[in-house]
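Enquirer: This is the structure, below, for whatever I ask next.
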Amino acid sequence: MNKKLLILSIAILLSGCFAKKKTTYSKKRTVTVASSDTIKSDKKKLRKKVKENPEAEKVIESAMAFNGVRYKYGGTTKKGMDCSGLIYVALQENDIVFPRVSYQMANEGKRVRVNEVQKGDLLFFKTRKNSKRINHVGLVVAIENEEIKFIHSSSSRGVIVSSLREGFWNAAFIKATRIL
């Protein structure tokens with residue numbers, strides 16, 4: 001009996017040595033879109049002169065007018081807005097007909113690589129762990145020093161501008177499309 005107890009104790013001690021270490025994160029996480037070597041080599045060939053798109057500027061201006069509006073599921077007004085409602089209204093104000101929900105929006109336009117994204121492009125995300133379809137959308141409003149900034153409606157903070165370099169958004173990113 002003592003022999004079995006000794007073997008069991010040793011097995012428990014050894015299994016603790018091989019247990020997976022739990023990873024914890026600080027509140028401020030940073031994840032880069034690509035390694036610095038990749039960015040340096042791609043800068044020369046991919047970020048060529050981007051021509052101004054007045055139509056995209058108007059849509060961005062319409063979306064930015066909602067900055068700070070609280071989140072409301074299904075909302076499309078200054079009283080409350082969800083992510084696809086923001087994009088839908090910004091496009092509608094500029095006479096662009098587009099689907100209302102994010103997963104349907106994702107089927108429109110031409111897919112572009114993340115390093116070819118321009119102002120006015122749409123970014124699509126899966127924000128739920130086991131989600132089988134896209135459930136979040138944002139509109140690219142600026143590209144500063146290879147950092148893509150987009151406006152969207154966050155369920156926790158309302159309509160805000162975020163960066164694709166932020167850990168959560170970088171991990172949830174699925175694709176980008178050009179509609180303008």
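Starting from 1 in every chain, residues are counted up; chains themselves are A, B, ... following the order of the structure tokens, and ligands are numbered from 1 as listed.
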Excluding Gln118 of chain A and its own-chain neighbours fewer than 6 positions away, which residues fall within 10 Å of it when counting only C-alpha atoms? Please give them as a PyMOL selection string.
Expert: chain A and resi 47+50-53+56+112+139-143+148+176-178+180
Enquirer: Generate the output file for the selected residues, N, CA, C and O atoms, as a short mmCIF file (atom, residue, chain, number, x, y, z; two decimals), in the first residue's frame.
Expert:
data_model
loop_
_atom_site.label_atom_id
_atom_site.label_comp_id
_atom_site.auth_asym_id
_atom_site.auth_seq_id
_atom_site.Cartn_x
_atom_site.Cartn_y
_atom_site.Cartn_z
N ARG A 47 3.45 50.07 -50.54
CA ARG A 47 2.88 51.35 -50.14
C ARG A 47 3.32 52.43 -51.12
O ARG A 47 3.89 53.44 -50.76
N VAL A 50 -0.68 56.29 -53.03
CA VAL A 50 -2.09 55.94 -53.01
C VAL A 50 -2.84 57.18 -53.48
O VAL A 50 -2.72 58.25 -52.90
N LYS A 51 -3.61 57.02 -54.55
CA LYS A 51 -4.33 58.18 -55.05
C LYS A 51 -5.50 58.50 -54.14
O LYS A 51 -6.12 57.63 -53.56
N GLU A 52 -5.77 59.79 -54.04
CA GLU A 52 -6.87 60.26 -53.21
C GLU A 52 -8.19 59.77 -53.78
O GLU A 52 -8.39 59.74 -54.99
N ASN A 53 -9.09 59.39 -52.89
CA ASN A 53 -10.40 58.92 -53.29
C ASN A 53 -11.44 59.82 -52.61
O ASN A 53 -11.76 59.61 -51.44
N ALA A 56 -14.33 58.05 -50.88
CA ALA A 56 -13.94 57.44 -49.60
C ALA A 56 -13.86 58.50 -48.51
O ALA A 56 -14.30 58.26 -47.38
N VAL A 112 -8.84 42.63 -50.64
CA VAL A 112 -7.50 43.20 -50.75
C VAL A 112 -6.63 42.69 -49.61
O VAL A 112 -7.13 42.37 -48.53
N LEU A 139 -14.42 50.53 -40.77
CA LEU A 139 -14.08 51.32 -41.96
C LEU A 139 -12.71 51.96 -41.75
O LEU A 139 -12.50 52.66 -40.75
N VAL A 140 -11.78 51.73 -42.67
CA VAL A 140 -10.43 52.29 -42.57
C VAL A 140 -10.52 53.81 -42.74
O VAL A 140 -11.04 54.30 -43.74
N VAL A 141 -10.01 54.55 -41.74
CA VAL A 141 -10.05 56.01 -41.78
C VAL A 141 -8.66 56.63 -41.95
O VAL A 141 -8.55 57.79 -42.35
N ALA A 142 -7.62 55.88 -41.64
CA ALA A 142 -6.26 56.42 -41.77
C ALA A 142 -5.24 55.29 -41.79
O ALA A 142 -5.49 54.21 -41.24
N ILE A 143 -4.12 55.58 -42.45
CA ILE A 143 -2.97 54.67 -42.42
C ILE A 143 -1.78 55.54 -42.09
O ILE A 143 -1.38 56.38 -42.89
N ILE A 148 -2.87 50.70 -39.45
CA ILE A 148 -4.20 50.86 -40.02
C ILE A 148 -5.18 51.23 -38.91
O ILE A 148 -5.35 50.48 -37.95
N ALA A 176 -10.04 42.07 -45.59
CA ALA A 176 -10.33 43.45 -45.97
C ALA A 176 -10.91 43.44 -47.37
O ALA A 176 -10.51 42.63 -48.21
N THR A 177 -11.85 44.34 -47.62
CA THR A 177 -12.43 44.46 -48.97
C THR A 177 -12.49 45.92 -49.38
O THR A 177 -12.60 46.82 -48.54
N ARG A 178 -12.44 46.14 -50.68
CA ARG A 178 -12.55 47.48 -51.24
C ARG A 178 -13.89 47.60 -51.93
O ARG A 178 -14.20 46.81 -52.83
N LEU A 180 -15.12 51.03 -52.58
CA LEU A 180 -15.15 52.37 -53.18
C LEU A 180 -14.06 52.53 -54.22
O LEU A 180 -13.00 52.03 -54.11
#
Enquirer: Residues at most 7 Å from Arg100 of chain A, counting only C-alpha atoms, excluding those fewer than 3 positions away in the same chain, as a PyMOL selection string?
Expert: chain A and resi 84-85+88
Enquirer: Please determine, counting only C-alpha atoms, which residue among A:Phe66, A:Glu93, A:Ile60, A:Lys129 has the shortest atom-to-atom distance to Phe150 of chain A.
Expert: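 Result for the nearest residue to Phe150 of chain A: A:Ile60.
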